[in-house]
file run35.txt (compact mmCIF, C-alpha atoms and all ligand atoms)
# COMPACT_ATOMS: atom_id res chain seq x y z
CA MET A 648 -13.06 -15.29 24.06
CA TRP A 649 -14.86 -18.55 24.35
CA GLN A 650 -18.40 -18.41 25.61
CA PHE A 651 -19.38 -21.83 26.60
CA LYS A 652 -22.98 -20.94 26.90
CA ARG A 653 -23.16 -21.04 23.15
CA LEU A 654 -21.59 -24.44 23.27
CA GLY A 655 -24.24 -25.49 25.71
CA TYR A 656 -26.96 -24.69 23.30
CA VAL A 657 -25.32 -26.26 20.38
CA GLY A 658 -25.53 -29.24 22.63
CA GLY A 659 -29.01 -29.90 21.45
CA LEU A 660 -27.37 -33.21 22.06
CA PHE A 661 -28.86 -33.66 25.45
CA ILE A 662 -32.21 -33.86 24.04
CA SER A 663 -33.25 -37.13 22.59
CA MET A 664 -32.10 -39.03 25.65
CA MET A 665 -34.81 -37.58 27.84
CA VAL A 666 -37.61 -39.87 28.90
CA ILE A 667 -40.39 -39.44 31.38
CA THR A 668 -41.14 -42.12 33.89
CA ALA A 669 -43.09 -42.10 37.08
CA CYS A 670 -41.46 -42.13 40.49
CA GLY A 671 -42.90 -42.21 43.96
CA GLY A 672 -41.77 -40.24 46.97
CA GLY A 673 -42.34 -39.81 50.67
CA GLY A 674 -43.78 -36.94 52.65
CA GLY A 675 -42.27 -34.78 55.34
CA ASN A 676 -42.32 -31.52 57.23
CA ASN A 677 -40.67 -28.23 57.91
CA ALA A 678 -39.38 -27.08 54.57
CA PRO A 679 -37.85 -23.64 54.89
CA SER A 680 -39.07 -20.60 53.01
CA LEU A 681 -36.95 -18.13 51.11
CA SER A 682 -36.88 -15.78 54.04
CA THR A 683 -33.89 -15.22 56.21
CA GLY A 684 -35.19 -16.64 59.42
CA SER A 685 -36.35 -20.02 58.34
CA SER A 686 -33.24 -21.30 56.69
CA SER A 687 -31.52 -21.43 60.03
CA SER A 688 -34.05 -23.90 61.35
CA VAL A 689 -33.12 -26.14 58.48
CA SER A 690 -29.44 -26.25 58.93
CA SER A 691 -29.76 -26.94 62.60
CA SER A 692 -31.68 -30.08 61.79
CA VAL A 693 -29.07 -31.38 59.49
CA SER A 694 -26.91 -34.33 59.59
CA MET A 695 -23.35 -33.03 59.62
CA SER A 696 -21.41 -33.82 62.72
CA SER A 697 -21.82 -30.99 65.18
CA SER A 698 -18.11 -30.57 65.66
CA SER A 699 -17.40 -29.70 62.05
CA SER A 700 -20.42 -27.42 61.73
CA SER A 701 -19.67 -25.48 64.83
CA SER A 702 -16.04 -24.99 64.04
CA ALA A 703 -16.95 -23.35 60.76
CA THR A 704 -19.84 -21.28 61.98
CA SER A 705 -18.05 -20.01 65.01
CA SER A 706 -15.06 -18.80 63.11
CA SER A 707 -14.45 -16.93 59.93
CA SER A 708 -11.01 -18.41 59.71
CA THR A 709 -10.65 -20.09 56.37
CA SER A 710 -8.54 -22.85 57.80
CA SER A 711 -11.48 -24.19 59.76
CA VAL A 712 -13.36 -25.06 56.63
CA SER A 713 -11.22 -27.59 54.91
CA SER A 714 -7.62 -27.76 53.95
CA SER A 715 -7.16 -30.84 51.84
CA SER A 716 -7.50 -30.79 48.09
CA SER A 717 -9.98 -33.61 48.07
CA SER A 718 -12.02 -34.61 51.06
CA SER A 719 -14.68 -37.11 51.80
CA SER A 720 -17.92 -35.34 52.61
CA SER A 721 -17.97 -36.77 56.12
CA SER A 722 -14.96 -34.70 57.16
CA VAL A 723 -15.93 -31.29 55.88
CA VAL A 724 -18.32 -28.63 57.03
CA ALA A 725 -21.90 -28.70 55.74
CA LEU A 726 -22.36 -25.82 53.32
CA LYS A 727 -25.85 -25.18 54.61
CA SER A 728 -24.55 -24.65 58.11
CA LEU A 729 -22.62 -21.69 56.70
CA VAL A 730 -25.61 -19.80 55.30
CA THR A 731 -27.73 -19.66 58.41
CA THR A 732 -26.76 -16.08 59.15
CA LEU A 733 -26.41 -14.98 55.55
CA GLY A 734 -30.10 -14.90 54.73
CA PHE A 735 -30.42 -17.28 51.81
CA PRO A 736 -30.59 -20.94 50.87
CA ILE A 737 -27.79 -22.84 49.17
CA GLY A 738 -29.03 -25.08 46.40
CA VAL A 739 -28.16 -27.71 43.85
CA ALA A 740 -29.76 -28.84 40.60
CA VAL A 741 -30.56 -32.54 40.63
CA GLY A 742 -31.75 -35.02 38.07
CA GLY A 743 -34.78 -37.23 38.13
CA PRO A 744 -35.92 -40.23 36.13
CA GLY A 745 -34.32 -40.08 32.69
CA ASP A 746 -31.33 -38.04 33.88
CA SER A 747 -27.87 -39.49 34.55
CA ASP A 748 -27.83 -37.83 37.96
CA ASN A 749 -31.12 -39.28 39.15
CA LEU A 750 -31.41 -38.29 42.81
CA PHE A 751 -34.08 -40.86 43.52
CA THR A 752 -31.90 -43.86 42.73
CA ASN A 753 -28.50 -42.77 44.05
CA THR A 754 -28.17 -43.03 47.82
CA MET A 755 -24.65 -41.60 47.86
CA MET A 756 -25.90 -38.57 45.99
CA GLN A 757 -28.77 -38.25 48.46
CA THR A 758 -26.36 -38.27 51.39
CA VAL A 759 -24.21 -35.52 49.95
CA VAL A 760 -27.18 -33.42 48.80
CA ASN A 761 -28.84 -33.74 52.20
CA THR A 762 -25.63 -32.85 53.99
CA HIS A 763 -24.82 -29.67 52.14
CA PHE A 764 -27.90 -28.13 50.55
CA ASN A 765 -31.22 -26.74 51.72
CA SER A 766 -32.66 -25.87 48.32
CA LEU A 767 -33.30 -28.07 45.29
CA VAL A 768 -34.12 -27.36 41.69
CA ALA A 769 -34.94 -29.88 38.99
CA GLY A 770 -32.34 -30.07 36.25
CA ASN A 771 -35.07 -31.08 33.83
CA ILE A 772 -38.21 -32.65 35.24
CA MET A 773 -40.14 -29.43 35.84
CA LYS A 774 -39.65 -28.05 32.33
CA MET A 775 -42.59 -27.72 29.95
CA SER A 776 -42.64 -31.00 28.08
CA TYR A 777 -42.08 -32.92 31.29
CA LEU A 778 -45.11 -31.37 32.97
CA GLU A 779 -47.45 -30.95 29.98
CA PRO A 780 -46.20 -33.24 27.21
CA THR A 781 -49.45 -33.00 25.29
CA GLN A 782 -51.89 -30.15 25.57
CA GLY A 783 -53.97 -30.34 28.70
CA ASN A 784 -52.34 -33.56 29.96
CA PHE A 785 -50.21 -32.86 32.98
CA THR A 786 -47.68 -35.33 34.37
CA PHE A 787 -46.69 -34.24 37.85
CA ASN A 788 -45.43 -37.54 39.29
CA ASP A 789 -41.70 -36.94 39.03
CA ALA A 790 -41.97 -33.33 40.18
CA ASP A 791 -44.17 -34.45 43.05
CA ALA A 792 -41.49 -36.90 44.07
CA LEU A 793 -38.90 -34.15 44.01
CA TYR A 794 -41.08 -31.86 46.11
CA ASN A 795 -41.71 -34.68 48.57
CA TYR A 796 -38.00 -35.39 48.76
CA ALA A 797 -37.18 -31.74 49.38
CA HIS A 798 -39.92 -31.38 51.95
CA ALA A 799 -38.97 -34.57 53.78
CA ASN A 800 -35.38 -33.38 54.04
CA GLY A 801 -36.04 -29.80 55.11
CA MET A 802 -35.24 -28.17 51.78
CA VAL A 803 -37.09 -25.64 49.67
CA LEU A 804 -37.92 -26.34 46.04
CA HIS A 805 -37.29 -23.71 43.38
CA GLY A 806 -39.35 -24.18 40.22
CA HIS A 807 -37.46 -24.26 36.93
CA THR A 808 -38.95 -23.28 34.57
CA LEU A 809 -42.41 -22.29 33.36
CA ILE A 810 -41.39 -20.94 29.94
CA TRP A 811 -38.13 -21.72 28.11
CA HIS A 812 -37.44 -21.92 24.40
CA ALA A 813 -34.94 -24.83 24.31
CA ASP A 814 -36.25 -27.16 21.66
CA TYR A 815 -36.02 -30.45 23.54
CA GLN A 816 -38.44 -29.36 26.21
CA VAL A 817 -40.94 -27.34 24.18
CA PRO A 818 -44.00 -29.57 23.79
CA GLY A 819 -45.13 -30.44 20.28
CA TYR A 820 -48.44 -28.69 20.72
CA ILE A 821 -46.63 -25.40 21.28
CA LYS A 822 -44.40 -25.87 18.25
CA SER A 823 -47.30 -26.73 15.97
CA PHE A 824 -49.81 -24.27 17.41
CA SER A 825 -51.65 -22.64 14.54
CA GLY A 826 -54.16 -20.29 16.21
CA THR A 827 -54.01 -16.54 16.66
CA PRO A 828 -51.51 -14.87 18.98
CA THR A 829 -54.31 -14.43 21.51
CA GLU A 830 -55.22 -18.11 21.32
CA PHE A 831 -51.55 -19.03 21.62
CA ASN A 832 -51.18 -16.95 24.76
CA THR A 833 -54.28 -18.55 26.22
CA ALA A 834 -52.78 -22.01 25.67
CA LEU A 835 -49.39 -20.97 27.03
CA MET A 836 -50.88 -19.26 30.07
CA ASN A 837 -52.92 -22.36 30.76
CA HIS A 838 -49.61 -24.15 31.26
CA VAL A 839 -48.36 -21.43 33.58
CA THR A 840 -51.60 -21.29 35.53
CA GLN A 841 -52.04 -25.05 35.90
CA VAL A 842 -48.47 -25.69 36.94
CA ALA A 843 -48.19 -22.73 39.32
CA THR A 844 -51.55 -23.63 40.84
CA TYR A 845 -50.57 -27.26 41.31
CA PHE A 846 -47.35 -26.35 43.10
CA ALA A 847 -48.75 -23.43 45.09
CA GLY A 848 -47.47 -23.66 48.64
CA LYS A 849 -44.84 -26.18 47.57
CA VAL A 850 -42.57 -24.29 45.23
CA VAL A 851 -41.17 -21.22 46.98
CA SER A 852 -40.09 -19.49 43.81
CA TRP A 853 -40.29 -19.86 40.04
CA ASP A 854 -38.17 -19.09 37.06
CA VAL A 855 -41.23 -17.79 35.24
CA VAL A 856 -39.43 -17.06 31.99
CA ASN A 857 -35.97 -18.32 31.11
CA GLU A 858 -33.65 -16.83 28.48
CA ALA A 859 -36.07 -14.57 26.58
CA ILE A 860 -33.32 -12.16 25.53
CA ASP A 861 -31.30 -12.87 22.42
CA ASP A 862 -27.57 -12.48 22.71
CA ASN A 863 -26.92 -12.67 19.01
CA ASN A 864 -28.90 -9.48 18.83
CA PRO A 865 -28.40 -8.31 22.41
CA ALA A 866 -30.75 -5.38 22.32
CA GLY A 867 -33.70 -7.50 21.31
CA TRP A 868 -36.02 -10.23 22.42
CA ARG A 869 -35.21 -13.75 21.35
CA GLN A 870 -37.24 -14.77 18.31
CA SER A 871 -38.40 -17.89 20.13
CA VAL A 872 -41.46 -19.91 19.33
CA PHE A 873 -43.19 -18.00 22.14
CA TYR A 874 -42.26 -14.63 20.70
CA VAL A 875 -43.15 -15.52 17.14
CA LYS A 876 -46.47 -17.16 17.97
CA SER A 877 -47.35 -14.22 20.21
CA GLY A 878 -47.38 -12.16 17.02
CA ASN A 879 -43.68 -11.22 17.19
CA SER A 880 -44.24 -9.81 20.63
CA ASN A 881 -42.73 -10.18 24.09
CA VAL A 882 -46.21 -9.93 25.61
CA PHE A 883 -46.02 -13.57 26.71
CA ILE A 884 -43.45 -12.55 29.34
CA GLU A 885 -45.67 -10.16 31.25
CA ASN A 886 -48.64 -12.48 30.71
CA ALA A 887 -46.66 -15.27 32.34
CA PHE A 888 -45.71 -13.19 35.38
CA ASN A 889 -49.32 -12.09 35.79
CA ALA A 890 -50.62 -15.64 35.42
CA ALA A 891 -48.06 -17.13 37.81
CA HIS A 892 -48.80 -14.50 40.43
CA ALA A 893 -52.54 -15.03 40.13
CA ALA A 894 -52.06 -18.78 40.49
CA ASP A 895 -49.64 -18.62 43.43
CA PRO A 896 -49.42 -15.19 45.07
CA GLY A 897 -47.00 -16.59 47.63
CA ALA A 898 -44.29 -17.68 45.20
CA LYS A 899 -41.37 -15.39 44.40
CA LEU A 900 -41.24 -14.84 40.66
CA PHE A 901 -37.94 -14.61 38.77
CA TYR A 902 -36.73 -13.83 35.30
CA ASN A 903 -33.68 -16.04 34.65
CA ASP A 904 -30.96 -15.67 32.02
CA TYR A 905 -27.31 -16.28 31.14
CA ASN A 906 -24.52 -13.85 30.24
CA ILE A 907 -26.32 -11.05 32.06
CA GLU A 908 -23.40 -11.04 34.51
CA TRP A 909 -21.26 -9.47 31.78
CA SER A 910 -23.19 -8.47 28.66
CA ALA A 911 -24.12 -4.80 29.09
CA PRO A 912 -26.78 -4.81 26.35
CA LYS A 913 -28.35 -7.98 27.70
CA LEU A 914 -28.28 -6.74 31.29
CA GLY A 915 -29.65 -3.45 30.00
CA MET A 916 -32.66 -5.29 28.58
CA VAL A 917 -33.21 -6.90 31.97
CA LEU A 918 -32.96 -3.58 33.80
CA SER A 919 -35.39 -1.93 31.34
CA MET A 920 -37.81 -4.80 31.77
CA ILE A 921 -37.64 -4.37 35.54
CA ASP A 922 -38.43 -0.65 35.23
CA ASP A 923 -41.24 -1.33 32.78
CA PHE A 924 -42.75 -4.06 34.97
CA LYS A 925 -42.55 -1.88 38.05
CA ASN A 926 -44.24 0.99 36.21
CA ARG A 927 -47.06 -1.22 35.05
CA ASN A 928 -47.37 -3.30 38.22
CA ILE A 929 -46.35 -6.56 36.56
CA PRO A 930 -45.38 -8.81 39.50
CA ILE A 931 -41.68 -9.65 39.35
CA ASP A 932 -39.67 -10.37 42.49
CA GLY A 933 -36.21 -11.03 41.24
CA ILE A 934 -33.61 -11.89 38.66
CA GLY A 935 -31.72 -15.15 38.34
CA PHE A 936 -28.17 -14.90 37.07
CA GLN A 937 -27.42 -18.34 35.69
CA MET A 938 -23.68 -17.66 36.09
CA HIS A 939 -22.28 -20.29 33.76
CA VAL A 940 -18.81 -18.82 33.75
CA SER A 941 -15.28 -19.94 33.06
CA LEU A 942 -12.06 -19.51 35.02
CA ASN A 943 -11.06 -16.18 33.56
CA PHE A 944 -14.17 -14.63 32.13
CA PRO A 945 -15.96 -12.46 33.02
CA SER A 946 -13.98 -10.52 35.61
CA VAL A 947 -15.15 -10.59 39.20
CA SER A 948 -15.60 -6.83 39.16
CA THR A 949 -17.91 -7.10 36.16
CA ILE A 950 -19.91 -9.85 37.84
CA GLN A 951 -20.20 -7.83 41.02
CA ALA A 952 -21.30 -4.69 39.18
CA SER A 953 -23.98 -6.63 37.30
CA LEU A 954 -25.36 -8.17 40.49
CA GLN A 955 -25.27 -4.72 42.05
CA ALA A 956 -27.21 -3.18 39.15
CA VAL A 957 -30.13 -5.51 39.78
CA ALA A 958 -29.87 -5.18 43.55
CA ASP A 959 -30.03 -1.41 43.10
CA LYS A 960 -33.44 -1.85 41.48
CA GLY A 961 -34.63 -3.35 44.76
CA LEU A 962 -35.24 -6.82 43.37
CA MET A 963 -34.11 -10.14 44.78
CA VAL A 964 -31.04 -11.70 43.21
CA ARG A 965 -30.27 -15.38 42.73
CA ILE A 966 -27.19 -17.02 41.38
CA SER A 967 -29.27 -19.72 39.84
CA GLU A 968 -27.08 -22.14 37.87
CA LEU A 969 -23.52 -21.60 39.02
CA ASP A 970 -20.70 -23.58 37.47
CA VAL A 971 -17.12 -22.68 36.57
CA ALA A 972 -15.83 -24.34 33.41
CA VAL A 973 -12.10 -25.00 33.50
CA ASN A 974 -11.60 -26.63 30.13
CA SER A 975 -12.84 -23.95 27.78
CA ASP A 976 -10.06 -24.54 25.29
CA ASN A 977 -10.51 -28.30 25.49
CA THR A 978 -6.88 -29.01 26.36
CA LEU A 979 -7.25 -30.63 29.78
CA THR A 980 -7.55 -34.38 30.07
CA ALA A 981 -7.78 -34.30 33.86
CA LEU A 982 -8.28 -31.68 36.54
CA ASP A 983 -4.75 -30.78 37.64
CA ALA A 984 -3.95 -29.27 41.02
CA ASN A 985 -3.16 -25.83 39.68
CA THR A 986 -6.42 -25.56 37.76
CA ALA A 987 -8.34 -26.87 40.76
CA SER A 988 -6.77 -24.20 42.90
CA LEU A 989 -7.61 -21.44 40.40
CA GLN A 990 -11.16 -22.75 40.33
CA LYS A 991 -11.32 -22.62 44.11
CA GLN A 992 -10.37 -18.95 44.06
CA ARG A 993 -12.88 -18.28 41.28
CA TYR A 994 -15.75 -19.80 43.24
CA LYS A 995 -14.67 -17.90 46.32
CA ASP A 996 -14.56 -14.62 44.41
CA ILE A 997 -18.02 -15.15 42.90
CA VAL A 998 -19.67 -16.00 46.22
CA ASN A 999 -17.93 -13.04 47.76
CA ALA A 1000 -19.13 -10.77 44.94
CA TYR A 1001 -22.69 -11.91 45.63
CA LEU A 1002 -22.37 -11.25 49.35
CA THR A 1003 -20.87 -7.84 48.68
CA ALA A 1004 -23.30 -6.71 45.99
CA VAL A 1005 -26.60 -8.01 47.27
CA PRO A 1006 -28.05 -6.76 50.57
CA LYS A 1007 -29.14 -9.53 52.88
CA ALA A 1008 -32.86 -8.89 52.42
CA GLN A 1009 -32.52 -9.26 48.65
CA ARG A 1010 -30.53 -12.52 48.59
CA ALA A 1011 -32.60 -15.33 47.15
CA GLY A 1012 -29.81 -17.85 47.14
CA ILE A 1013 -26.98 -19.50 45.31
CA THR A 1014 -27.57 -22.73 43.41
CA VAL A 1015 -24.92 -24.82 41.67
CA TRP A 1016 -25.94 -26.53 38.44
CA GLY A 1017 -25.23 -30.13 39.37
CA LEU A 1018 -23.47 -32.06 42.11
CA THR A 1019 -20.54 -34.01 40.65
CA ASP A 1020 -18.29 -33.09 37.74
CA ASP A 1021 -18.94 -36.26 35.79
CA LYS A 1022 -22.66 -35.46 35.55
CA SER A 1023 -22.34 -31.81 34.54
CA TRP A 1024 -24.42 -30.68 31.58
CA LEU A 1025 -21.19 -29.23 30.12
CA ASN A 1026 -19.83 -32.68 29.33
CA THR A 1027 -20.53 -33.77 25.79
CA SER A 1028 -19.15 -36.46 23.52
CA THR A 1029 -16.37 -34.09 22.51
CA HIS A 1030 -15.84 -32.05 25.66
CA THR A 1031 -15.08 -32.94 29.25
CA ASP A 1032 -15.15 -30.37 32.00
CA TRP A 1033 -14.79 -30.22 35.77
CA PRO A 1034 -17.04 -27.28 36.66
CA LEU A 1035 -18.67 -28.27 39.97
CA LEU A 1036 -17.91 -28.64 43.68
CA PHE A 1037 -17.67 -32.44 43.95
CA ASN A 1038 -15.58 -35.08 42.24
CA ALA A 1039 -17.24 -38.04 40.57
CA ASP A 1040 -16.66 -40.08 43.76
CA PHE A 1041 -18.56 -37.41 45.77
CA SER A 1042 -15.44 -36.14 47.53
CA THR A 1043 -15.20 -32.38 47.78
CA LYS A 1044 -12.97 -30.40 45.45
CA PRO A 1045 -10.96 -27.29 46.28
CA ALA A 1046 -13.86 -25.47 44.57
CA PHE A 1047 -16.05 -26.63 47.44
CA ASP A 1048 -13.57 -25.15 49.90
CA GLY A 1049 -13.68 -21.87 47.98
CA VAL A 1050 -17.43 -21.64 48.41
CA ALA A 1051 -17.24 -22.72 52.05
CA GLU A 1052 -14.54 -20.19 52.85
CA ALA A 1053 -16.44 -17.32 51.23
CA LEU A 1054 -19.65 -18.29 53.04
CA ALA A 1055 -17.86 -18.73 56.36
CA ALA A 1056 -16.31 -15.28 56.06
CA GLY A 1057 -19.51 -13.65 54.83
CA MET A 1058 -21.98 -11.45 56.62
C1 LIG B 1101 -29.74 -28.18 31.10
C2 LIG B 1101 -29.79 -29.51 31.83
O1 LIG B 1101 -28.86 -29.48 32.89
C3 LIG B 1101 -29.46 -30.64 30.89
O2 LIG B 1101 -29.62 -31.89 31.52
C4 LIG B 1101 -30.37 -30.55 29.68
O3 LIG B 1101 -29.99 -31.53 28.74
C5 LIG B 1101 -30.30 -29.20 29.03
O4 LIG B 1101 -30.61 -28.20 29.99
N1 LIG B 1101 -29.70 -23.11 31.28
C6 LIG B 1101 -30.83 -23.55 31.91
C7 LIG B 1101 -30.95 -24.97 32.30
O5 LIG B 1101 -31.68 -22.72 32.26
O6 LIG B 1101 -32.28 -25.41 32.29
C8 LIG B 1101 -30.10 -25.85 31.45
O7 LIG B 1101 -30.16 -27.17 31.97
C9 LIG B 1101 -28.69 -25.35 31.40
C10 LIG B 1101 -28.65 -23.97 30.80
call {"tool": "encode", "arguments": {"input": "run35.txt", "output": "structure tokens", "more": "lines below"}}
Ligand code: XIL
result
Amino acid sequence: MWQFKRLGYVGGLFISMMVITACGGGGGNNAPSLSTGSSSSVSSSVSMSSSSSSSATSSSSTSSVSSSSSSSSSSVVALKSLVTTLGFPIGVAVGGPGDSDNLFTNTMMQTVVNTHFNSLVAGNIMKMSYLEPTQGNFTFNDADALYNYAHANGMVLHGHTLIWHADYQVPGYIKSFSGTPTEFNTALMNHVTQVATYFAGKVVSWDVVNEAIDDNNPAGWRQSVFYVKSGNSNVFIENAFNAAHAADPGAKLFYNDYNIEWSAPKLGMVLSMIDDFKNRNIPIDGIGFQMHVSLNFPSVSTIQASLQAVADKGLMVRISELDVAVNSDNTLTALDANTASLQKQRYKDIVNAYLTAVPKAQRAGITVWGLTDDKSWLNTSTHTDWPLLFNADFSTKPAFDGVAEALAAGM
């Protein structure tokens, strides 16, 4: 079994290319909240032609969504028009300055994003070293621009992420911190507090801690710089949830991780943490399933059961970074029709599993991790994949139709 998540991390590759530059942005009104009611006001203000939106929303027939294998975005239904009755936003991760998929400089990308999505998340520019590159010096310009963009276009902004171990975005002052565990937690919580305070009322939800569970040793906490400098303790996790809640009581707070849609020990850690946090009144609102999956693994029934296990705890559930890798064995040189069709069914099954497992009131949304295949984080110098909903030319793929069909048929 090939787990591409491991590949992703080997891809420490991404790293050195990141730069931080400033970018301006405009203001706007009427961003929706996470709640069921407000997302409908968004989609009604959106720019798809009314004929295509209404045909999809008024019918659960799959044929009304799209039938071609590759369509220009002007002829297909707007995804966000399909979630108005489902109770959650539909989102996409976008790049900023320094990323290849920089939303601010690509008008075609803007058109497609604005047409289909009502939730944005930063692929990189809200991670630690982007917001606090040196201790106490915060650089909010790019994130501000993203918030302004989302707000101006009637979208919510999900914050990703306050604490994550990936080396390229851990600031130097964290790596070299030499004080006591208590002093370390004070410095780390200053990041959480400052950032969550700054974006209070703007970010609707946060990935407070990302990937704190080790899947080499699935029953344990990752021995990250945060864990080690906390005195070999996971105390930084609860501290972060407490600090984020104190800074922005209105934001929904998520723990986010990968492989929890299939790894029983890893999911078990998440479920135990939920119980523990509930018992001790640590404020956690939900769990983000990154859902970086491939065509054949894990099974849909396993995914659905994992989503259900969290939903049964009463928490909100996000699919936070959805993509479906099709080239796990590295044999494809292009996306052939058969693979594209299997990928369509896979996306449809996953969205359907979410709708089936998670009660409406607990749905916090589905976000895909990138817009077009050519810009996916899964592409490296030695691996090409086609994991997303749009082709490089921004036309929709069958995968898009799979999502649209599942949403259109959903309740
Ligand atoms: C990825 C970004 O998409 C890349 O641009 C970057 O080089 C590395 O990080 N899990 C996460 C995301 O939580 O933040 C990661 O994003 C993908 C895996």
call {"tool": "residues_around", "arguments": {"input": "run35.txt", "residues": "A:Ser825", "least_positions_apart": "3", "cutoff": "12 Å", "atoms": "all atoms listed in the file", "output": "count of residues only"}}
result
15
call {"tool": "residues_near_point", "arguments": {"input": "run35.txt", "point": "(-28.2, -17.9, 36.9)", "cutoff": "10 Å", "atoms": "only C-alpha atoms", "output": "PDB file with C-alpha atoms, in the coordinates of the input"}}
result
ATOM      1  CA  ASN A 857     -35.970 -18.320  31.110  1.00  0.00           C
ATOM      2  CA  TYR A 902     -36.730 -13.830  35.300  1.00  0.00           C
ATOM      3  CA  ASN A 903     -33.680 -16.040  34.650  1.00  0.00           C
ATOM      4  CA  ASP A 904     -30.960 -15.670  32.020  1.00  0.00           C
ATOM      5  CA  TYR A 905     -27.310 -16.280  31.140  1.00  0.00           C
ATOM      6  CA  ASN A 906     -24.520 -13.850  30.240  1.00  0.00           C
ATOM      7  CA  ILE A 907     -26.320 -11.050  32.060  1.00  0.00           C
ATOM      8  CA  GLU A 908     -23.400 -11.040  34.510  1.00  0.00           C
ATOM      9  CA  ILE A 934     -33.610 -11.890  38.660  1.00  0.00           C
ATOM     10  CA  GLY A 935     -31.720 -15.150  38.340  1.00  0.00           C
ATOM     11  CA  PHE A 936     -28.170 -14.900  37.070  1.00  0.00           C
ATOM     12  CA  GLN A 937     -27.420 -18.340  35.690  1.00  0.00           C
ATOM     13  CA  MET A 938     -23.680 -17.660  36.090  1.00  0.00           C
ATOM     14  CA  HIS A 939     -22.280 -20.290  33.760  1.00  0.00           C
ATOM     15  CA  VAL A 940     -18.810 -18.820  33.750  1.00  0.00           C
ATOM     16  CA  VAL A 964     -31.040 -11.700  43.210  1.00  0.00           C
ATOM     17  CA  ARG A 965     -30.270 -15.380  42.730  1.00  0.00           C
ATOM     18  CA  ILE A 966     -27.190 -17.020  41.380  1.00  0.00           C
ATOM     19  CA  SER A 967     -29.270 -19.720  39.840  1.00  0.00           C
ATOM     20  CA  GLU A 968     -27.080 -22.140  37.870  1.00  0.00           C
ATOM     21  CA  LEU A 969     -23.520 -21.600  39.020  1.00  0.00           C
ATOM     22  CA  ASP A 970     -20.700 -23.580  37.470  1.00  0.00           C
ATOM     23  CA  ILE A1013     -26.980 -19.500  45.310  1.00  0.00           C
ATOM     24  CA  THR A1014     -27.570 -22.730  43.410  1.00  0.00           C
ATOM     25  CA  VAL A1015     -24.920 -24.820  41.670  1.00  0.00           C
ATOM     26  CA  TRP A1016     -25.940 -26.530  38.440  1.00  0.00           C
TER      27      TRP A1016
END
call {"tool": "atom_distance", "arguments": {"input": "run35.txt", "atom1": "atom CA of A:Met802", "atom2": "atom CA of A:Ser766"}}
result
4.9 Å
call {"tool": "closest_atom_pairs", "arguments": {"input": "run35.txt", "of": "stretch 732-777 of chain A", "to": "stretch 1037-1057 of chain A", "cutoff": "10 Å", "atoms": "all atoms listed in the file", "output": "CSV"}}
result
residue,atom,partner,partner_atom,distance
A:Thr732,CA,A:Gly1057,CA,8.8
A:Leu733,CA,A:Gly1057,CA,7.1
A:Met755,CA,A:Phe1041,CA,7.7
A:Met756,CA,A:Phe1041,CA,7.4
A:Thr758,CA,A:Phe1041,CA,9.7
A:Val759,CA,A:Phe1041,CA,7.3
A:Val760,CA,A:Phe1041,CA,10.0
call {"tool": "atom_distance", "arguments": {"input": "run35.txt", "atom1": "atom CA of A:Ala894", "atom2": "atom CA of A:Asp789"}}
result
21.0 Å
call {"tool": "closest_residue", "arguments": {"input": "run35.txt", "among": "A:Lys995, A:His838, A:Lys925, A:Arg869", "to": "A:His812", "atoms": "all atoms listed in the file"}}
result
A:Arg869
call {"tool": "atom_distance", "arguments": {"input": "run35.txt", "atom1": "atom CA of A:Gly933", "atom2": "atom CA of A:Met1058"}}
result
21.0 Å
call {"tool": "residues_around", "arguments": {"input": "run35.txt", "residues": "stretch 884-887 of chain A", "least_positions_apart": "4", "cutoff": "9 Å", "atoms": "all atoms listed in the file", "output": "MDAnalysis selection string"}}
result
chainID A and resid 809:810 832 835:836 839:840 855:856 859 874 891:892 924 929:930
call {"tool": "residues_near_point", "arguments": {"input": "run35.txt", "point": "(-28.6, -4.9, 20.4)", "cutoff": "12 Å", "atoms": "only C-alpha atoms", "output": "number ranges by chain"}}
result
A: 860-869, 910-916
call {"tool": "closest_residue", "arguments": {"input": "run35.txt", "among": "A:Arg927, A:Lys774, A:Arg1010, A:Lys991", "to": "ligand LIG 1101 (chain B)", "atoms": "all atoms listed in the file"}}
result
A:Lys774
call {"tool": "residues_around", "arguments": {"input": "run35.txt", "residues": "A:Gln990", "least_positions_apart": "3", "cutoff": "8 Å", "atoms": "all atoms listed in the file", "output": "list in words"}}
result
Leu942, Val971, Val973, Thr986, Ala987, Arg993, Tyr994, Pro1045 and Ala1046 of chain A
call {"tool": "residues_around", "arguments": {"input": "run35.txt", "residues": "stretch 1023-1034 of chain A", "least_positions_apart": "4", "cutoff": "8 Å", "atoms": "all atoms listed in the file", "output": "number ranges by chain"}}
result
A: 655, 658, 660, 970-974, 977, 980, 982, 1016-1019
call {"tool": "write_last_selection", "arguments": {"input": "run35.txt", "atoms": "C-alpha atoms", "output": "short mmCIF file (atom, residue, chain, number, x, y, z; two decimals), in the frame of the given file"}}
result
data_model
loop_
_atom_site.label_atom_id
_atom_site.label_comp_id
_atom_site.auth_asym_id
_atom_site.auth_seq_id
_atom_site.Cartn_x
_atom_site.Cartn_y
_atom_site.Cartn_z
CA GLY A 655 -24.24 -25.49 25.71
CA GLY A 658 -25.53 -29.24 22.63
CA LEU A 660 -27.37 -33.21 22.06
CA ASP A 970 -20.70 -23.58 37.47
CA VAL A 971 -17.12 -22.68 36.57
CA ALA A 972 -15.83 -24.34 33.41
CA VAL A 973 -12.10 -25.00 33.50
CA ASN A 974 -11.60 -26.63 30.13
CA ASN A 977 -10.51 -28.30 25.49
CA THR A 980 -7.55 -34.38 30.07
CA LEU A 982 -8.28 -31.68 36.54
CA TRP A 1016 -25.94 -26.53 38.44
CA GLY A 1017 -25.23 -30.13 39.37
CA LEU A 1018 -23.47 -32.06 42.11
CA THR A 1019 -20.54 -34.01 40.65
#
